[in-house]
$ cat data19.txt   # compact mmCIF, C-alpha atoms
# COMPACT_ATOMS: atom_id res chain seq x y z
CA CYS Z 1 120.23 116.57 117.38
CA GLY Z 2 122.34 113.42 117.03
CA ASN Z 3 125.12 113.91 114.50
CA VAL Z 4 123.34 116.70 112.64
CA SER Z 5 122.90 120.36 113.52
CA LEU Z 6 120.28 122.97 112.70
CA GLU Z 7 121.70 125.39 110.13
CA PHE Z 8 118.84 127.88 110.07
CA VAL Z 9 115.10 128.27 110.59
CA ASP Z 10 113.02 129.88 107.84
CA GLU Z 11 109.90 130.94 109.72
CA ARG Z 12 108.38 132.68 106.70
CA ARG Z 13 108.25 129.40 104.78
CA GLN Z 14 107.97 127.25 107.95
CA ARG Z 15 111.08 125.26 107.08
CA LEU Z 16 114.06 123.81 108.95
CA VAL Z 17 117.42 123.10 107.35
CA TRP Z 18 119.66 120.48 108.96
CA VAL Z 19 123.29 119.88 108.03
CA THR Z 20 125.45 116.82 108.72
CA SER Z 21 129.15 116.82 109.54
CA ASP Z 22 130.00 115.83 105.95
CA GLY Z 23 128.04 118.75 104.46
CA ARG Z 24 124.79 117.00 103.48
CA ARG Z 25 121.61 118.99 104.09
CA SER Z 26 118.06 117.97 104.83
CA ILE Z 27 115.19 120.43 104.44
CA TRP Z 28 112.05 119.85 106.50
CA SER Z 29 108.94 121.72 105.37
CA LYS Z 30 105.53 121.70 107.01
CA PRO Z 31 103.12 120.03 104.54
CA GLY Z 32 100.08 121.94 103.39
CA THR Z 33 101.58 125.28 104.27
CA VAL Z 34 100.34 128.18 102.19
CA VAL Z 35 103.25 130.47 101.47
CA GLU Z 36 102.39 134.14 101.28
CA ARG Z 37 104.70 136.64 99.68
CA ASP Z 38 105.86 139.42 101.96
CA GLU Z 39 104.56 142.93 101.29
CA GLU Z 40 108.13 144.09 100.65
CA ASP Z 41 108.26 141.81 97.58
CA PRO Z 42 105.79 143.51 95.23
CA VAL Z 43 105.33 142.42 91.63
CA SER Z 44 105.83 145.11 89.00
CA PHE Z 45 106.88 142.86 86.11
CA PRO Z 46 104.85 139.63 86.40
CA TRP Z 47 106.14 138.39 83.03
CA LEU Z 48 109.59 138.06 84.63
CA LEU Z 49 108.31 135.54 87.22
CA ASN Z 50 108.08 131.82 86.55
CA GLY Z 51 104.88 131.22 88.50
CA ALA Z 52 106.18 127.92 89.86
CA PRO Z 53 105.03 126.93 93.38
CA GLU Z 54 107.72 127.04 96.04
CA GLU Z 55 108.84 123.52 96.86
CA PRO Z 56 111.45 122.02 99.18
CA TRP Z 57 114.51 120.75 97.34
CA LEU Z 58 117.83 119.22 98.28
CA PRO Z 59 120.91 121.20 97.20
CA GLY Z 60 122.92 117.98 97.31
CA ASP Z 61 126.49 118.54 96.22
CA LEU Z 62 125.97 122.03 94.77
CA PRO Z 63 128.97 124.25 95.57
CA ARG Z 64 128.35 126.78 98.29
CA ASP Z 65 129.32 129.67 96.01
CA VAL Z 66 126.59 128.68 93.51
CA LEU Z 67 123.99 128.63 96.29
CA TRP Z 68 125.11 132.07 97.48
CA ASP Z 69 125.02 133.50 93.96
CA GLY Z 70 121.47 132.21 93.54
CA ALA Z 71 120.46 134.07 96.71
CA ARG Z 72 122.19 137.24 95.49
CA VAL Z 73 120.54 137.13 92.06
CA ALA Z 74 117.08 136.45 93.51
CA ALA Z 75 117.44 139.39 95.90
CA LEU Z 76 118.53 141.81 93.17
CA LEU Z 77 115.73 140.73 90.85
CA ASP Z 78 113.30 141.20 93.76
CA ILE Z 79 114.69 144.71 94.17
CA ARG Z 80 114.06 145.38 90.47
CA GLN Z 81 110.44 144.43 91.12
CA MET Z 82 110.32 146.78 94.13
CA ILE Z 83 111.64 149.74 92.16
CA GLY Z 84 109.07 149.08 89.46
CA PRO Z 85 108.52 151.20 86.33
CA ARG Z 86 110.91 153.98 87.33
CA SER Z 87 113.58 154.22 84.67
CA GLU Z 88 116.05 156.48 86.48
CA PRO Z 89 116.39 154.40 89.68
CA GLN Z 90 116.52 151.21 87.60
CA GLU Z 91 119.50 152.62 85.70
CA ARG Z 92 121.01 153.90 88.93
CA LEU Z 93 120.82 150.41 90.43
CA THR Z 94 122.77 149.08 87.44
CA HIS Z 95 125.50 151.70 88.02
CA ILE Z 96 125.60 150.92 91.75
CA LEU Z 97 126.13 147.22 91.07
CA MET Z 98 128.81 147.91 88.46
CA ASP Z 99 130.83 150.44 90.43
CA HIS Z 100 130.20 149.87 94.14
CA ASP Z 101 133.54 148.07 94.58
CA LEU Z 102 135.27 151.37 93.79
CA HIS Z 103 133.90 152.81 97.03
CA PRO Z 104 135.57 151.91 100.35
CA ASN Z 105 133.11 149.69 102.16
CA PRO Z 106 134.76 146.75 103.94
CA ARG Z 107 131.46 145.19 105.02
CA GLY Z 108 130.08 144.98 101.49
CA ASP Z 109 129.58 141.86 99.42
CA TYR Z 110 131.59 141.35 96.23
CA MET Z 111 128.39 141.95 94.28
CA ILE Z 112 126.09 144.00 96.51
CA PRO Z 113 126.85 147.05 98.70
CA SER Z 114 126.45 146.56 102.43
CA LEU Z 115 123.31 147.51 104.31
CA GLU Z 116 125.02 150.63 105.61
CA SER Z 117 126.40 151.78 102.27
CA PRO Z 118 125.57 155.41 101.37
CA LEU Z 119 125.08 154.27 97.78
CA TRP Z 120 121.54 153.17 98.62
CA GLN Z 121 120.73 156.80 99.42
CA THR Z 122 121.47 157.68 95.79
CA LEU Z 123 118.46 155.66 94.62
CA LYS Z 124 115.62 158.09 93.97
CA VAL Z 125 112.87 155.97 95.45
CA PRO Z 126 110.44 156.56 98.34
CA ASP Z 127 111.88 155.96 101.79
CA SER Z 128 109.52 153.02 102.27
CA THR Z 129 110.89 151.37 99.12
CA ARG Z 130 114.48 152.00 100.21
CA LYS Z 131 113.71 150.41 103.58
CA SER Z 132 112.23 147.37 101.83
CA ILE Z 133 115.34 147.10 99.66
CA ILE Z 134 117.58 147.09 102.72
CA GLN Z 135 115.40 144.47 104.38
CA ARG Z 136 115.51 142.30 101.27
CA ILE Z 137 119.31 142.44 101.18
CA SER Z 138 119.49 141.46 104.83
CA ARG Z 139 117.60 138.23 104.04
CA ILE Z 140 120.22 136.97 101.56
CA PRO Z 141 122.23 134.90 104.10
CA HIS Z 142 119.02 133.18 105.24
CA GLU Z 143 117.94 132.21 101.71
CA VAL Z 144 121.11 130.54 100.47
CA LEU Z 145 119.34 127.18 100.27
CA SER Z 146 115.99 128.40 98.97
CA GLN Z 147 116.81 130.28 95.74
CA ARG Z 148 117.47 127.48 93.30
CA VAL Z 149 119.32 128.12 90.02
CA SER Z 150 118.12 125.80 87.24
CA TRP Z 151 117.37 125.55 83.55
CA SER Z 152 113.80 125.48 82.22
CA GLY Z 153 114.19 124.35 78.65
CA ASP Z 154 117.11 125.57 76.53
CA SER Z 155 116.50 129.32 76.68
CA GLU Z 156 115.22 130.12 80.16
CA ILE Z 157 116.86 130.08 83.58
CA TRP Z 158 114.94 130.04 86.83
CA VAL Z 159 116.34 131.58 90.01
CA GLY Z 160 113.85 131.21 92.82
CA ARG Z 161 110.62 132.76 91.55
CA HIS Z 162 112.33 134.62 88.72
CA LYS Z 163 112.82 133.59 85.11
CA ILE Z 164 115.61 134.88 82.87
CA SER Z 165 115.45 134.62 79.10
CA CYS Z 166 118.74 133.69 77.44
CA ARG Z 167 120.12 134.34 73.97
CA SER Z 168 121.23 131.19 72.22
CA ARG Z 169 124.44 132.90 71.04
CA ASP Z 170 125.34 133.69 74.66
CA VAL Z 171 124.93 130.07 75.66
CA GLN Z 172 127.00 129.01 72.65
CA ALA Z 173 129.71 131.56 73.51
CA LEU Z 174 130.03 130.27 77.07
CA ASP Z 175 129.95 126.67 75.92
CA SER Z 176 132.84 127.37 73.52
CA ARG Z 177 134.88 128.97 76.34
CA TRP Z 178 134.48 126.00 78.69
CA VAL Z 179 137.99 124.82 79.57
CA PHE Z 180 137.15 121.68 81.53
CA ALA Z 181 135.93 118.33 80.21
CA PRO Z 182 133.24 118.84 77.54
CA LYS Z 183 130.89 116.45 79.33
CA ASP Z 184 131.50 117.90 82.78
CA GLN Z 185 128.20 117.64 84.66
CA SER Z 186 128.68 121.08 86.21
CA LYS Z 187 128.84 122.91 82.86
CA PRO Z 188 125.09 123.58 82.39
CA LEU Z 189 124.77 124.89 85.95
CA GLU Z 190 127.86 127.10 85.66
CA ILE Z 191 126.59 128.57 82.39
CA ALA Z 192 123.21 129.23 84.01
CA ARG Z 193 124.88 130.85 87.01
CA LEU Z 194 126.98 133.21 84.88
CA LEU Z 195 124.03 134.26 82.71
CA ALA Z 196 121.95 134.84 85.85
CA LEU Z 197 124.68 136.97 87.41
CA TYR Z 198 124.94 139.17 84.32
CA SER Z 199 121.15 139.51 84.13
CA VAL Z 200 121.02 141.60 87.31
CA PHE Z 201 122.59 144.51 85.41
CA ASP Z 202 119.72 144.64 82.90
CA ASN Z 203 117.03 147.28 83.23
CA PRO Z 204 113.65 145.50 82.94
CA LEU Z 205 112.25 148.64 81.26
CA SER Z 206 114.78 148.45 78.43
CA HIS Z 207 114.97 146.07 75.50
CA ARG Z 208 118.70 146.65 75.24
CA ARG Z 209 121.45 144.78 77.01
CA ASN Z 210 123.28 146.71 79.72
CA GLY Z 211 126.49 148.56 78.88
CA VAL Z 212 128.79 146.09 80.62
CA HIS Z 213 128.96 144.18 77.35
CA LEU Z 214 129.87 147.15 75.16
CA GLY Z 215 133.29 147.22 73.51
CA LEU Z 216 135.31 148.25 70.50
CA ASP Z 217 134.72 146.67 67.11
CA PRO Z 218 135.60 142.95 67.45
CA VAL Z 219 137.72 143.23 64.30
CA ILE Z 220 140.02 145.63 66.16
CA ARG Z 221 140.07 143.59 69.35
CA ARG Z 222 141.08 140.39 67.57
CA HIS Z 223 144.47 141.98 66.83
CA CYS Z 224 145.17 142.53 70.56
CA ASP Z 225 147.07 140.26 72.95
CA PHE Z 226 144.89 141.08 75.96
CA GLU Z 227 141.39 142.48 76.33
CA LEU Z 228 140.48 144.56 79.38
CA PHE Z 229 136.94 145.17 80.69
CA ALA Z 230 135.55 142.34 78.58
CA SER Z 231 132.85 139.90 79.61
CA PRO Z 232 132.81 136.20 78.70
CA LEU Z 233 129.91 137.01 76.41
CA ASN Z 234 131.68 139.58 74.22
CA ALA Z 235 135.45 138.97 74.46
CA ALA Z 236 137.01 138.68 71.01
CA VAL Z 237 140.73 137.97 71.56
CA PRO Z 238 141.49 134.53 70.10
CA ASN Z 239 143.95 133.59 72.86
CA GLY Z 240 141.29 133.82 75.57
CA HIS Z 241 143.28 136.40 77.56
CA PHE Z 242 140.65 138.85 78.81
CA SER Z 243 139.36 140.22 82.07

$ encode --input "data19.txt" --output "structure tokens"
Amino acid sequence: CGNVSLEFVDERRQRLVWVTSDGRRSIWSKPGTVVERDEEDPVSFPWLLNGAPEEPWLPGDLPRDVLWDGARVAALLDIRQMIGPRSEPQERLTHILMDHDLHPNPRGDYMIPSLESPLWQTLKVPDSTRKSIIQRISRIPHEVLSQRVSWSGDSEIWVGRHKISCRSRDVQALDSRWVFAPKDQSKPLEIARLLALYSVFDNPLSHRRNGVHLGLDPVIRRHCDFELFASPLNAAVPNGHFS
């Protein structure tokens, strides 16, 4: 169509996404459309949803990797809702996400096992739920432009329909580790993205943070030259050398 091309069609939301040769995107939505949530997206934890109506938005100059991470996070939080109040499979999902890269699976995502991964069979959920989980993962590439990552106030992040509560000390820790210009316009979004990515490891049935942030006493770690298996939220080495 002229000098633009159709990137994808979202029939569920009756939306077209056009992209120009220089990377700009235009989203066309049918006005007055009532969007219904698919049956495979049940709600088990309504307090973790933001309740905002789905609206068309322009990603503008957002980096492609941020858009993809938003789609990944939204899918995983949807899967948490599908699993529901089952503590064991919720914890198992956390372990799968933490350790799946240790299993040979060339078709997998850096964050999420592939559709064919045998790890999904280790989730003790009904077959119908497992099928819905696989279907939800398969939709990630088609929702790269629809799962917006944004701040709502100073302590809440929205990713698509989901809301993520943030600790002020986590935001302060990431702000202090920012190595680019202090007034860089991308800083708030990058902080939101990182907090959203780490949130997928949290069990919604637990009031405790997931174990990825556990570590030795910070007093001990401050005497080290390098810190291994640390997150940006808990690293203690003063030289910033951690991974």

$ closest_residue --input "data19.txt" --among "Z:Arg86, Z:His100, Z:His241, Z:Arg193" --to "Asp65 in chain Z" --atoms "only C-alpha atoms"
Z:Arg193

$ closest_residue --input "data19.txt" --among "Z:Ser186, Z:Leu205, Z:Val237, Z:Leu58" --to "Asp217 in chain Z" --atoms "all atoms listed in the file"
Z:Val237

$ atom_distance --input "data19.txt" --atom1 "CA of Asp170 in chain Z" --atom2 "CA of Leu233 in chain Z"
5.9 Å

$ closest_residue --input "data19.txt" --among "Z:Ile79, Z:Gly153, Z:Ile112, Z:Ile164" --to "Gln135 in chain Z" --atoms "only C-alpha atoms"
Z:Ile79

$ closest_residue --input "data19.txt" --among "Z:Lys163, Z:Arg136, Z:Arg72, Z:Arg107" --to "Pro42 in chain Z" --atoms "all atoms listed in the file"
Z:Arg136

$ atom_distance --input "data19.txt" --atom1 "CA of Val144 in chain Z" --atom2 "CA of Ala71 in chain Z"
5.2 Å

$ atom_distance --input "data19.txt" --atom1 "CA of Asp184 in chain Z" --atom2 "CA of Ala236 in chain Z"
24.5 Å

$ residues_around --input "data19.txt" --residues "Ser199 in chain Z" --least-positions-apart "5" --cutoff "10 Å" --atoms "all atoms listed in the file" --output "MDAnalysis selection string"
chainID Z and resid 73 76:77 164:166 193:194 204 209:210

$ closest_residue --input "data19.txt" --among "Z:Pro113, Z:Pro59, Z:Pro141, Z:Pro126" --to "Pro89 in chain Z" --atoms "all atoms listed in the file"
Z:Pro126

$ residues_around --input "data19.txt" --residues "Arg177 in chain Z" --least-positions-apart "3" --cutoff "9 Å" --atoms "all atoms listed in the file" --output "PyMOL selection string"
chain Z and resi 172-174+232+240

$ closest_residue --input "data19.txt" --among "Z:Leu119, Z:Glu54, Z:Ser132, Z:Leu48" --to "Met82 in chain Z" --atoms "only C-alpha atoms"
Z:Ser132

$ residues_around --input "data19.txt" --residues "Glu190 in chain Z" --least-positions-apart "2" --cutoff "10 Å" --atoms "only C-alpha atoms" --output "PyMOL selection string"
chain Z and resi 66+149-150+174-175+178+185-188+192-196

$ residues_around --input "data19.txt" --residues "Ser146 in chain Z" --least-positions-apart "2" --cutoff "8 Å" --atoms "only C-alpha atoms" --output "PDB file with C-alpha atoms, keeping the file's coordinate frame"
ATOM      1  CA  PRO Z  56     111.450 122.020  99.180  1.00  0.00           C
ATOM      2  CA  TRP Z  57     114.510 120.750  97.340  1.00  0.00           C
ATOM      3  CA  ALA Z  71     120.460 134.070  96.710  1.00  0.00           C
ATOM      4  CA  GLU Z 143     117.940 132.210 101.710  1.00  0.00           C
ATOM      5  CA  VAL Z 144     121.110 130.540 100.470  1.00  0.00           C
ATOM      6  CA  ARG Z 148     117.470 127.480  93.300  1.00  0.00           C
ATOM      7  CA  GLY Z 160     113.850 131.210  92.820  1.00  0.00           C
TER       8      GLY Z 160
END

$ decode --input "data19.txt" --residues "range 101-116 of chain Z" --atoms "C-alpha atoms" --output "PDB file, in the first residue's frame"
ATOM      1  CA  ASP Z 101      18.318 -21.939  29.527  1.00  0.00           C
ATOM      2  CA  LEU Z 102      20.231 -24.830  31.105  1.00  0.00           C
ATOM      3  CA  HIS Z 103      18.245 -27.260  28.951  1.00  0.00           C
ATOM      4  CA  PRO Z 104      19.171 -27.708  25.267  1.00  0.00           C
ATOM      5  CA  ASN Z 105      16.347 -26.148  23.311  1.00  0.00           C
ATOM      6  CA  PRO Z 106      17.545 -24.144  20.292  1.00  0.00           C
ATOM      7  CA  ARG Z 107      14.063 -22.880  19.404  1.00  0.00           C
ATOM      8  CA  GLY Z 108      13.443 -21.334  22.813  1.00  0.00           C
ATOM      9  CA  ASP Z 109      13.328 -17.658  23.669  1.00  0.00           C
ATOM     10  CA  TYR Z 110      15.949 -16.162  25.979  1.00  0.00           C
ATOM     11  CA  MET Z 111      13.232 -15.829  28.610  1.00  0.00           C
ATOM     12  CA  ILE Z 112      10.557 -18.400  27.793  1.00  0.00           C
ATOM     13  CA  PRO Z 113      10.905 -22.073  26.747  1.00  0.00           C
ATOM     14  CA  SER Z 114       9.724 -22.927  23.259  1.00  0.00           C
ATOM     15  CA  LEU Z 115       6.277 -24.301  22.525  1.00  0.00           C
ATOM     16  CA  GLU Z 116       7.735 -27.783  22.130  1.00  0.00           C
TER      17      GLU Z 116
END
